[in-house]
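Peer 1: This is work-v5.pdb, which holds PDB, C-alpha atoms, pLDDT in the B column:
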```pdb
ATOM      1  CA  MET A   1      -0.138  12.990   7.027  1.00 35.00           C
ATOM      2  CA  ALA A   2       3.464  13.746   6.152  1.00 38.00           C
ATOM      3  CA  LYS A   3       5.619  11.300   4.284  1.00 43.00           C
ATOM      4  CA  ALA A   4       9.283  10.956   3.470  1.00 53.00           C
ATOM      5  CA  VAL A   5      10.206  12.990   0.419  1.00 67.00           C
ATOM      6  CA  ALA A   6      12.920  12.290  -2.155  1.00 76.00           C
ATOM      7  CA  THR A   7      14.320  15.325  -3.939  1.00 81.00           C
ATOM      8  CA  VAL A   8      15.789  16.047  -7.355  1.00 81.00           C
ATOM      9  CA  GLU A   9      19.159  16.369  -5.611  1.00 83.00           C
ATOM     10  CA  ASP A  10      18.862  12.760  -4.390  1.00 83.00           C
ATOM     11  CA  PHE A  11      18.510  11.635  -8.004  1.00 85.00           C
ATOM     12  CA  ASP A  12      21.115  14.084  -9.229  1.00 85.00           C
ATOM     13  CA  ASN A  13      23.615  12.199  -7.046  1.00 84.00           C
ATOM     14  CA  LEU A  14      22.693   8.939  -8.813  1.00 87.00           C
ATOM     15  CA  LYS A  15      23.100  10.113 -12.396  1.00 84.00           C
ATOM     16  CA  ASN A  16      25.687   8.582 -14.688  1.00 85.00           C
ATOM     17  CA  LYS A  17      28.668  10.914 -15.002  1.00 84.00           C
ATOM     18  CA  ASP A  18      28.983  10.329 -18.776  1.00 86.00           C
ATOM     19  CA  THR A  19      25.347  10.710 -19.804  1.00 87.00           C
ATOM     20  CA  GLY A  20      23.895  12.810 -17.006  1.00 87.00           C
ATOM     21  CA  LEU A  21      20.979  10.374 -16.801  1.00 91.00           C
ATOM     22  CA  VAL A  22      19.790   8.269 -13.875  1.00 89.00           C
ATOM     23  CA  PRO A  23      19.473   4.564 -14.826  1.00 91.00           C
ATOM     24  CA  MET A  24      15.991   3.453 -13.708  1.00 90.00           C
ATOM     25  CA  THR A  25      14.547  -0.078 -13.618  1.00 90.00           C
ATOM     26  CA  PHE A  26      10.810  -0.251 -14.311  1.00 91.00           C
ATOM     27  CA  LEU A  27       8.636  -1.934 -11.682  1.00 89.00           C
ATOM     28  CA  MET A  28       5.389  -1.576 -13.622  1.00 88.00           C
ATOM     29  CA  PRO A  29       4.661  -1.840 -17.330  1.00 87.00           C
ATOM     30  CA  THR A  30       4.007   1.362 -19.245  1.00 85.00           C
ATOM     31  CA  ILE A  31       3.144   2.030 -22.865  1.00 87.00           C
ATOM     32  CA  THR A  32       6.816   1.897 -23.882  1.00 87.00           C
ATOM     33  CA  GLU A  33       8.502  -0.158 -21.116  1.00 88.00           C
ATOM     34  CA  ARG A  34       8.086  -3.614 -19.641  1.00 90.00           C
ATOM     35  CA  VAL A  35       8.785  -4.663 -16.071  1.00 90.00           C
ATOM     36  CA  GLY A  36      12.560  -4.958 -15.653  1.00 90.00           C
ATOM     37  CA  ASP A  37      13.447  -2.640 -18.542  1.00 90.00           C
ATOM     38  CA  ILE A  38      16.181  -0.127 -17.743  1.00 89.00           C
ATOM     39  CA  ARG A  39      16.024   3.397 -19.096  1.00 89.00           C
ATOM     40  CA  GLY A  40      17.979   6.557 -18.358  1.00 89.00           C
ATOM     41  CA  ALA A  41      16.125   9.663 -17.274  1.00 89.00           C
ATOM     42  CA  GLU A  42      16.864  13.213 -16.238  1.00 90.00           C
ATOM     43  CA  PRO A  43      16.900  13.478 -12.431  1.00 88.00           C
ATOM     44  CA  TYR A  44      13.532  15.279 -12.265  1.00 87.00           C
ATOM     45  CA  THR A  45      11.903  12.614 -14.481  1.00 89.00           C
ATOM     46  CA  ALA A  46      13.507   9.825 -12.442  1.00 87.00           C
ATOM     47  CA  LEU A  47      12.093  11.435  -9.297  1.00 87.00           C
ATOM     48  CA  ARG A  48       8.593  11.489 -10.808  1.00 87.00           C
ATOM     49  CA  TRP A  49       8.830   7.828 -11.877  1.00 87.00           C
ATOM     50  CA  TYR A  50      10.071   6.905  -8.404  1.00 86.00           C
ATOM     51  CA  ASN A  51       7.313   8.825  -6.616  1.00 83.00           C
ATOM     52  CA  ASP A  52       4.685   7.308  -8.916  1.00 84.00           C
ATOM     53  CA  GLY A  53       5.999   3.812  -8.157  1.00 84.00           C
ATOM     54  CA  LEU A  54       6.841   3.155 -11.814  1.00 87.00           C
ATOM     55  CA  ALA A  55      10.594   2.682 -11.470  1.00 87.00           C
ATOM     56  CA  GLU A  56      13.469   2.680  -9.018  1.00 87.00           C
ATOM     57  CA  PRO A  57      17.138   3.535  -9.426  1.00 89.00           C
ATOM     58  CA  THR A  58      19.124   0.661 -10.933  1.00 86.00           C
ATOM     59  CA  LYS A  59      22.237   1.511  -8.955  1.00 80.00           C
ATOM     60  CA  GLY A  60      22.396   3.169  -5.583  1.00 71.00           C
ATOM     61  CA  LYS A  61      19.674   3.886  -3.116  1.00 68.00           C
ATOM     62  CA  VAL A  62      17.455   6.872  -2.637  1.00 66.00           C
ATOM     63  CA  THR A  63      17.149   7.820   1.002  1.00 61.00           C
ATOM     64  CA  PRO A  64      14.122  10.067   1.285  1.00 60.00           C
ATOM     65  CA  LYS A  65      14.371  12.673   3.983  1.00 60.00           C
ATOM     66  CA  PRO A  66      11.424  13.006   6.371  1.00 57.00           C
ATOM     67  CA  THR A  67       9.587  16.292   6.141  1.00 56.00           C
ATOM     68  CA  ASN A  68       8.946  15.989   9.878  1.00 57.00           C
ATOM     69  CA  PRO A  69       9.963  13.673  12.736  1.00 55.00           C
ATOM     70  CA  ASP A  70       6.735  11.641  12.491  1.00 54.00           C
ATOM     71  CA  ALA A  71       7.179  10.857   8.779  1.00 50.00           C
ATOM     72  CA  GLY A  72       6.536   7.243   7.883  1.00 52.00           C
ATOM     73  CA  THR A  73       4.244   6.604  10.833  1.00 55.00           C
ATOM     74  CA  VAL A  74       0.498   6.549  10.647  1.00 56.00           C
ATOM     75  CA  GLN A  75      -1.750   7.496  13.486  1.00 62.00           C
ATOM     76  CA  GLU A  76      -4.387   4.789  13.584  1.00 68.00           C
ATOM     77  CA  SER A  77      -7.921   5.999  14.236  1.00 76.00           C
ATOM     78  CA  GLU A  78      -9.978   4.556  17.072  1.00 80.00           C
ATOM     79  CA  ALA A  79     -12.191   2.779  14.518  1.00 79.00           C
ATOM     80  CA  ASP A  80      -9.139   1.191  12.869  1.00 81.00           C
ATOM     81  CA  LYS A  81      -7.793   0.109  16.263  1.00 82.00           C
ATOM     82  CA  ARG A  82     -11.146  -1.531  17.012  1.00 84.00           C
ATOM     83  CA  LYS A  83     -11.214  -3.236  13.609  1.00 85.00           C
ATOM     84  CA  SER A  84      -7.663  -4.511  14.068  1.00 84.00           C
ATOM     85  CA  GLY A  85      -8.758  -6.357  17.205  1.00 86.00           C
ATOM     86  CA  ILE A  86     -11.290  -8.437  15.268  1.00 89.00           C
ATOM     87  CA  THR A  87     -10.036 -11.857  14.238  1.00 91.00           C
ATOM     88  CA  ILE A  88     -10.778 -12.799  10.628  1.00 92.00           C
ATOM     89  CA  PRO A  89     -10.453 -16.554  10.019  1.00 92.00           C
ATOM     90  CA  GLU A  90      -8.200 -17.601   7.139  1.00 90.00           C
ATOM     91  CA  ASN A  91     -11.060 -19.708   5.741  1.00 93.00           C
ATOM     92  CA  TRP A  92     -13.650 -16.941   5.981  1.00 93.00           C
ATOM     93  CA  ARG A  93     -14.636 -17.387   2.323  1.00 93.00           C
ATOM     94  CA  GLU A  94     -15.609 -21.023   3.001  1.00 94.00           C
ATOM     95  CA  GLN A  95     -17.683 -20.360   6.103  1.00 93.00           C
ATOM     96  CA  HIS A  96     -21.464 -19.861   6.000  1.00 95.00           C
ATOM     97  CA  HIS A  97     -22.537 -16.487   4.644  1.00 93.00           C
ATOM     98  CA  LEU A  98     -24.444 -15.644   7.849  1.00 95.00           C
ATOM     99  CA  LYS A  99     -21.172 -15.886   9.805  1.00 94.00           C
ATOM    100  CA  ASN A 100     -19.580 -13.539   7.288  1.00 93.00           C
ATOM    101  CA  ILE A 101     -22.461 -11.098   7.636  1.00 94.00           C
ATOM    102  CA  ALA A 102     -21.999 -11.126  11.424  1.00 93.00           C
ATOM    103  CA  LEU A 103     -18.252 -10.623  10.935  1.00 93.00           C
ATOM    104  CA  ALA A 104     -18.858  -7.676   8.596  1.00 92.00           C
ATOM    105  CA  LYS A 105     -21.188  -6.110  11.182  1.00 93.00           C
ATOM    106  CA  ASP A 106     -18.405  -6.459  13.775  1.00 91.00           C
ATOM    107  CA  ILE A 107     -15.928  -4.833  11.409  1.00 90.00           C
ATOM    108  CA  ILE A 108     -18.081  -1.773  10.764  1.00 89.00           C
ATOM    109  CA  GLY A 109     -19.294  -1.658  14.363  1.00 88.00           C
ATOM    110  CA  ASP A 110     -23.003  -1.631  13.544  1.00 88.00           C
ATOM    111  CA  LYS A 111     -24.962  -4.722  14.629  1.00 89.00           C
ATOM    112  CA  ASP A 112     -28.209  -3.360  13.126  1.00 91.00           C
ATOM    113  CA  ARG A 113     -26.928  -2.811   9.600  1.00 88.00           C
ATOM    114  CA  ALA A 114     -28.271  -5.145   6.900  1.00 91.00           C
ATOM    115  CA  PHE A 115     -25.785  -6.808   4.547  1.00 89.00           C
ATOM    116  CA  THR A 116     -26.105  -9.023   1.519  1.00 93.00           C
ATOM    117  CA  LYS A 117     -23.646 -11.895   1.194  1.00 93.00           C
ATOM    118  CA  GLU A 118     -21.652  -9.898  -1.409  1.00 93.00           C
ATOM    119  CA  GLN A 119     -21.588  -6.721   0.694  1.00 93.00           C
ATOM    120  CA  ALA A 120     -20.299  -8.667   3.693  1.00 92.00           C
ATOM    121  CA  GLU A 121     -17.556 -10.265   1.597  1.00 93.00           C
ATOM    122  CA  THR A 122     -16.570  -6.851   0.230  1.00 92.00           C
ATOM    123  CA  GLU A 123     -16.365  -5.401   3.752  1.00 92.00           C
ATOM    124  CA  ILE A 124     -14.246  -8.307   5.032  1.00 92.00           C
ATOM    125  CA  GLN A 125     -11.904  -8.182   2.047  1.00 92.00           C
ATOM    126  CA  GLY A 126     -11.575  -4.413   2.458  1.00 90.00           C
ATOM    127  CA  GLU A 127     -10.500  -4.869   6.078  1.00 89.00           C
ATOM    128  CA  LEU A 128      -7.977  -7.537   5.079  1.00 90.00           C
ATOM    129  CA  ASP A 129      -6.616  -5.198   2.392  1.00 88.00           C
ATOM    130  CA  ARG A 130      -6.287  -2.380   4.968  1.00 84.00           C
ATOM    131  CA  ARG A 131      -4.338  -4.681   7.261  1.00 82.00           C
ATOM    132  CA  GLN A 132      -2.141  -5.903   4.402  1.00 82.00           C
ATOM    133  CA  ARG A 133      -1.221  -2.325   3.486  1.00 77.00           C
ATOM    134  CA  GLY A 134       0.043  -2.004   7.049  1.00 68.00           C
ATOM    135  CA  VAL A 135       2.266  -5.062   6.618  1.00 62.00           C
ATOM    136  CA  THR A 136       3.600  -4.094   3.191  1.00 57.00           C
ATOM    137  CA  GLY A 137       3.724  -0.357   3.837  1.00 54.00           C
ATOM    138  CA  GLY A 138       1.574   0.475   0.836  1.00 50.00           C
ATOM    139  CA  PRO A 139      -0.427   3.643   0.364  1.00 48.00           C
ATOM    140  CA  ASN A 140      -2.576   4.536   3.363  1.00 46.00           C
ATOM    141  CA  ALA A 141      -0.799   1.885   5.394  1.00 47.00           C
ATOM    142  CA  VAL A 142      -1.734   1.300   8.991  1.00 47.00           C
ATOM    143  CA  THR A 143       1.690   0.470  10.304  1.00 46.00           C
ATOM    144  CA  SER A 144       0.971  -0.057  13.992  1.00 46.00           C
ATOM    145  CA  ASN A 145      -0.786  -3.392  13.570  1.00 43.00           C
ATOM    146  CA  ALA A 146       0.210  -6.729  12.141  1.00 44.00           C
ATOM    147  CA  LEU A 147      -2.160  -8.710   9.973  1.00 45.00           C
ATOM    148  CA  ARG A 148      -4.350 -10.728  12.331  1.00 45.00           C
ATOM    149  CA  THR A 149      -5.938 -13.916  11.110  1.00 45.00           C
ATOM    150  CA  SER A 150      -6.596 -17.299  12.650  1.00 45.00           C
ATOM    151  CA  SER A 151      -7.456 -20.762  11.348  1.00 42.00           C
TER
END
```
Would it be possible to restate this file's structure as C-alpha cells?
Peer 2:
Amino acid sequence: MAKAVATVEDFDNLKNKDTGLVPMTFLMPTITERVGDIRGAEPYTALRWYNDGLAEPTKGKVTPKPTNPDAGTVQESEADKRKSGITIPENWREQHHLKNIALAKDIIGDKDRAFTKEQAETEIQGELDRRQRGVTGGPNAVTSNALRTSS
C-alpha cells in the first residue's frame, strides 16, 4: 500500500533562514522533550520526527506528495467489508457475555469457534479499534467505512 511521502525538500522549505533549522513542536514525549516543546532540527531530522509521528512543523504545513494516484486510500478486504456491516452496540461491555461471544463469532465469521468471555471482548475491541483507525486515519486505517455503533 502506497502512502503520501514528505521529502527533505519539503522540510528544507520550512527551515528558519537565520539558523537553518526547522522549528518542530513535539506531539509525543521523548527522553529529552515533553509534549508541546519546540526544538529546531536539520531538515532530514525534522522529516524523520514527522514520519515517526513525534513532532510536526511549528510554522507552515508539510504537504506530502503522493507516490501514486491511489495514495491515502485503502482497499478494504472482503472480510473487513463484512465486519464493517456488523453493528456493535455502544453498551456491548455491559451486555451478557454470551451475547458478546455471539458478536465475536459474527465478527470473525466463524459460528463454530469457541471463545472465552475475555477472548470475545478482545475480538470486539479489536474490531472497534480497526474502525476507529478508519475515522482518525491512523496507521492501517480503513478509510472507506465510518464507525458503526448503535445504542
Peer 1: Report as a PyMOL selection string all protein, DNA and RNA residues lying within 12 Å of Pro29 (chain A), evaluated on all atoms listed in the file, omitting residues in the same chain fewer than 6 positions from it.
Peer 2: chain A and resi 35-38+49+53-55
Peer 1: Give me, as a list in words, all polymer residues having an atom no more than 10 Å from His97 (chain A), counting all atoms listed in the file and skipping those fewer than 5 positions away in the same chain.
Peer 2: Trp92, Ala102, Leu103, Thr116, Lys117, Glu118, Ala120 and Glu121 of chain A
Peer 1: Please provide as a CSV table (one decimal) with C-alpha atoms, in the frame of the given file all residues within 9 Å of Ala114 (chain A), with the sequence filter that same-chain residues fewer than 3 positions apart are discarded (counting only C-alpha atoms).
Peer 2:
```csv
chain,number,residue,atom,x,y,z
A,101,ILE,CA,-22.5,-11.1,7.6
A,105,LYS,CA,-21.2,-6.1,11.2
A,111,LYS,CA,-25.0,-4.7,14.6
```
Peer 1: Calculate how many Å separate CA of Tyr50 (chain A) from CA of Glu127 (chain A), rounding to one decimal.
Peer 2: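 CA of Tyr50 (chain A) sits 27.8 Å away from CA of Glu127 (chain A).
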Peer 1: Rank A:Ala104, A:Ile31, A:Lys15, A:Met24 by their smallest atom-to-atom distance to Arg48 (chain A), using all atoms listed in the file, and report the top residue only.
Peer 2: A:Met24
Peer 1: Can you work out which one of A:Thr87, A:Thr25, A:Tyr44, A:Asp110 has the shortest atom-to-atom distance to Glu9 (chain A), counting all atoms listed in the file?
Peer 2: A:Tyr44
Peer 1: If I take CA of Asp112 (chain A) and CA of Lys99 (chain A), how far is one from the other in Å, to one decimal?
Peer 2: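 It comes out at 14.7 Å.
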Peer 1: As an exercise, work out the distance from CA of Phe115 (chain A) to CA of Lys81 (chain A) in Å and give it to one decimal place.
Peer 2: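 Separation of CA of Phe115 (chain A) and CA of Lys81 (chain A): 22.6 Å.
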Peer 1: Using all atoms listed in the file, which of A:Asn100, A:Met28, A:Pro89, A:Asp18 sits nearest Asp52 (chain A)?
Peer 2: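 Of A:Asn100, A:Met28, A:Pro89, A:Asp18, the one nearest Asp52 (chain A), counting all atoms listed in the file, is A:Met28.
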Peer 1: Quick one: residues within 9 Å of Gly109 (chain A), all atoms listed in the file counted, chain neighbours fewer than 5 positions away excluded, as a compact mmCIF listing (two decimals) with C-alpha atoms, in the coordinates of the input?
Peer 2:
```txt
# COMPACT_ATOMS: atom_id res chain seq x y z
CA ALA A 79 -12.19 2.78 14.52
CA ARG A 82 -11.15 -1.53 17.01
CA LYS A 83 -11.21 -3.24 13.61
CA ALA A 104 -18.86 -7.68 8.60
```
Peer 1: Kindly indicate which residue among A:Glu94, A:Glu78, A:Asp129, A:Asp12 lies nearest to Ala46 (chain A), using all atoms listed in the file for the distances.
Peer 2: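 Closest candidate: A:Asp12.
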Peer 1: Taking into account only C-alpha atoms, which residue in the set A:Thr58, A:Ser77, A:Thr45, A:Thr7 is nearest to Phe26 (chain A)?
Peer 2: A:Thr58
Peer 1: Select, from A:Gly20, A:Arg93, A:Arg39, A:Ile107, the residue with the minimum atom-to-atom distance to Arg130 (chain A), counting only C-alpha atoms.
Peer 2: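 Among the listed residues, the smallest separation from Arg130 (chain A) belongs to A:Ile107.
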Peer 1: Could you expand the PyMOL selection byres ((chain A and resi 14) around 9) into the explicit residues it covers here, written as number ranges by chain?
Peer 2: A: 9-13, 15-17, 21-23, 43, 57, 59-62
Peer 1: Can you patch up region 33-55 of chain A, filling it in to N, CA and C atoms, and show the result as a PDB file, keeping the file's coordinate frame?
Peer 2:
```
ATOM      1  N   GLU A  33       7.569   0.688 -21.870  1.00 88.00           N
ATOM      2  CA  GLU A  33       8.502  -0.158 -21.116  1.00 88.00           C
ATOM      3  C   GLU A  33       7.789  -1.353 -20.502  1.00 88.00           C
ATOM      4  N   ARG A  34       8.574  -2.427 -20.335  1.00 90.00           N
ATOM      5  CA  ARG A  34       8.086  -3.614 -19.641  1.00 90.00           C
ATOM      6  C   ARG A  34       8.742  -3.666 -18.267  1.00 90.00           C
ATOM      7  N   VAL A  35       8.189  -4.487 -17.394  1.00 90.00           N
ATOM      8  CA  VAL A  35       8.785  -4.663 -16.071  1.00 90.00           C
ATOM      9  C   VAL A  35      10.203  -5.186 -16.246  1.00 90.00           C
ATOM     10  N   GLY A  36      11.159  -4.554 -15.572  1.00 90.00           N
ATOM     11  CA  GLY A  36      12.560  -4.958 -15.653  1.00 90.00           C
ATOM     12  C   GLY A  36      13.369  -4.178 -16.670  1.00 90.00           C
ATOM     13  N   ASP A  37      12.708  -3.455 -17.578  1.00 90.00           N
ATOM     14  CA  ASP A  37      13.447  -2.640 -18.542  1.00 90.00           C
ATOM     15  C   ASP A  37      14.207  -1.539 -17.801  1.00 90.00           C
ATOM     16  N   ILE A  38      15.364  -1.193 -18.329  1.00 89.00           N
ATOM     17  CA  ILE A  38      16.181  -0.127 -17.743  1.00 89.00           C
ATOM     18  C   ILE A  38      16.241   1.018 -18.739  1.00 89.00           C
ATOM     19  N   ARG A  39      16.014   2.221 -18.242  1.00 89.00           N
ATOM     20  CA  ARG A  39      16.024   3.397 -19.096  1.00 89.00           C
ATOM     21  C   ARG A  39      16.613   4.559 -18.311  1.00 89.00           C
ATOM     22  N   GLY A  40      17.406   5.378 -18.986  1.00 89.00           N
ATOM     23  CA  GLY A  40      17.979   6.557 -18.358  1.00 89.00           C
ATOM     24  C   GLY A  40      16.994   7.710 -18.383  1.00 89.00           C
ATOM     25  N   ALA A  41      17.031   8.524 -17.344  1.00 89.00           N
ATOM     26  CA  ALA A  41      16.125   9.663 -17.274  1.00 89.00           C
ATOM     27  C   ALA A  41      16.826  10.829 -16.586  1.00 89.00           C
ATOM     28  N   GLU A  42      16.401  12.019 -16.942  1.00 90.00           N
ATOM     29  CA  GLU A  42      16.864  13.213 -16.238  1.00 90.00           C
ATOM     30  C   GLU A  42      16.462  13.057 -14.772  1.00 90.00           C
ATOM     31  N   PRO A  43      17.222  13.641 -13.852  1.00 88.00           N
ATOM     32  CA  PRO A  43      16.900  13.478 -12.431  1.00 88.00           C
ATOM     33  C   PRO A  43      15.461  13.831 -12.058  1.00 88.00           C
ATOM     34  N   TYR A  44      14.906  14.904 -12.619  1.00 87.00           N
ATOM     35  CA  TYR A  44      13.532  15.279 -12.265  1.00 87.00           C
ATOM     36  C   TYR A  44      12.521  14.259 -12.786  1.00 87.00           C
ATOM     37  N   THR A  45      12.780  13.657 -13.956  1.00 89.00           N
ATOM     38  CA  THR A  45      11.903  12.614 -14.481  1.00 89.00           C
ATOM     39  C   THR A  45      12.044  11.343 -13.656  1.00 89.00           C
ATOM     40  N   ALA A  46      13.270  11.002 -13.283  1.00 87.00           N
ATOM     41  CA  ALA A  46      13.507   9.825 -12.442  1.00 87.00           C
ATOM     42  C   ALA A  46      12.778   9.970 -11.109  1.00 87.00           C
ATOM     43  N   LEU A  47      12.801  11.177 -10.550  1.00 87.00           N
ATOM     44  CA  LEU A  47      12.093  11.435  -9.297  1.00 87.00           C
ATOM     45  C   LEU A  47      10.590  11.193  -9.463  1.00 87.00           C
ATOM     46  N   ARG A  48      10.029  11.671 -10.556  1.00 87.00           N
ATOM     47  CA  ARG A  48       8.593  11.489 -10.808  1.00 87.00           C
ATOM     48  C   ARG A  48       8.256  10.012 -10.945  1.00 87.00           C
ATOM     49  N   TRP A  49       9.059   9.264 -11.717  1.00 87.00           N
ATOM     50  CA  TRP A  49       8.830   7.828 -11.877  1.00 87.00           C
ATOM     51  C   TRP A  49       8.912   7.116 -10.530  1.00 87.00           C
ATOM     52  N   TYR A  50       9.889   7.512  -9.727  1.00 86.00           N
ATOM     53  CA  TYR A  50      10.071   6.905  -8.404  1.00 86.00           C
ATOM     54  C   TYR A  50       8.871   7.193  -7.498  1.00 86.00           C
ATOM     55  N   ASN A  51       8.450   8.451  -7.461  1.00 83.00           N
ATOM     56  CA  ASN A  51       7.313   8.825  -6.616  1.00 83.00           C
ATOM     57  C   ASN A  51       6.010   8.190  -7.081  1.00 83.00           C
ATOM     58  N   ASP A  52       5.883   7.955  -8.376  1.00 84.00           N
ATOM     59  CA  ASP A  52       4.685   7.308  -8.916  1.00 84.00           C
ATOM     60  C   ASP A  52       4.730   5.788  -8.779  1.00 84.00           C
ATOM     61  N   GLY A  53       5.874   5.261  -8.325  1.00 84.00           N
ATOM     62  CA  GLY A  53       5.999   3.812  -8.157  1.00 84.00           C
ATOM     63  C   GLY A  53       6.239   3.068  -9.459  1.00 84.00           C
ATOM     64  N   LEU A  54       6.612   3.785 -10.513  1.00 87.00           N
ATOM     65  CA  LEU A  54       6.841   3.155 -11.814  1.00 87.00           C
ATOM     66  C   LEU A  54       8.215   2.514 -11.913  1.00 87.00           C
ATOM     67  N   ALA A  55       9.220   3.156 -11.313  1.00 87.00           N
ATOM     68  CA  ALA A  55      10.594   2.682 -11.470  1.00 87.00           C
ATOM     69  C   ALA A  55      11.404   3.045 -10.234  1.00 87.00           C
TER      70      ALA A  55
END
```
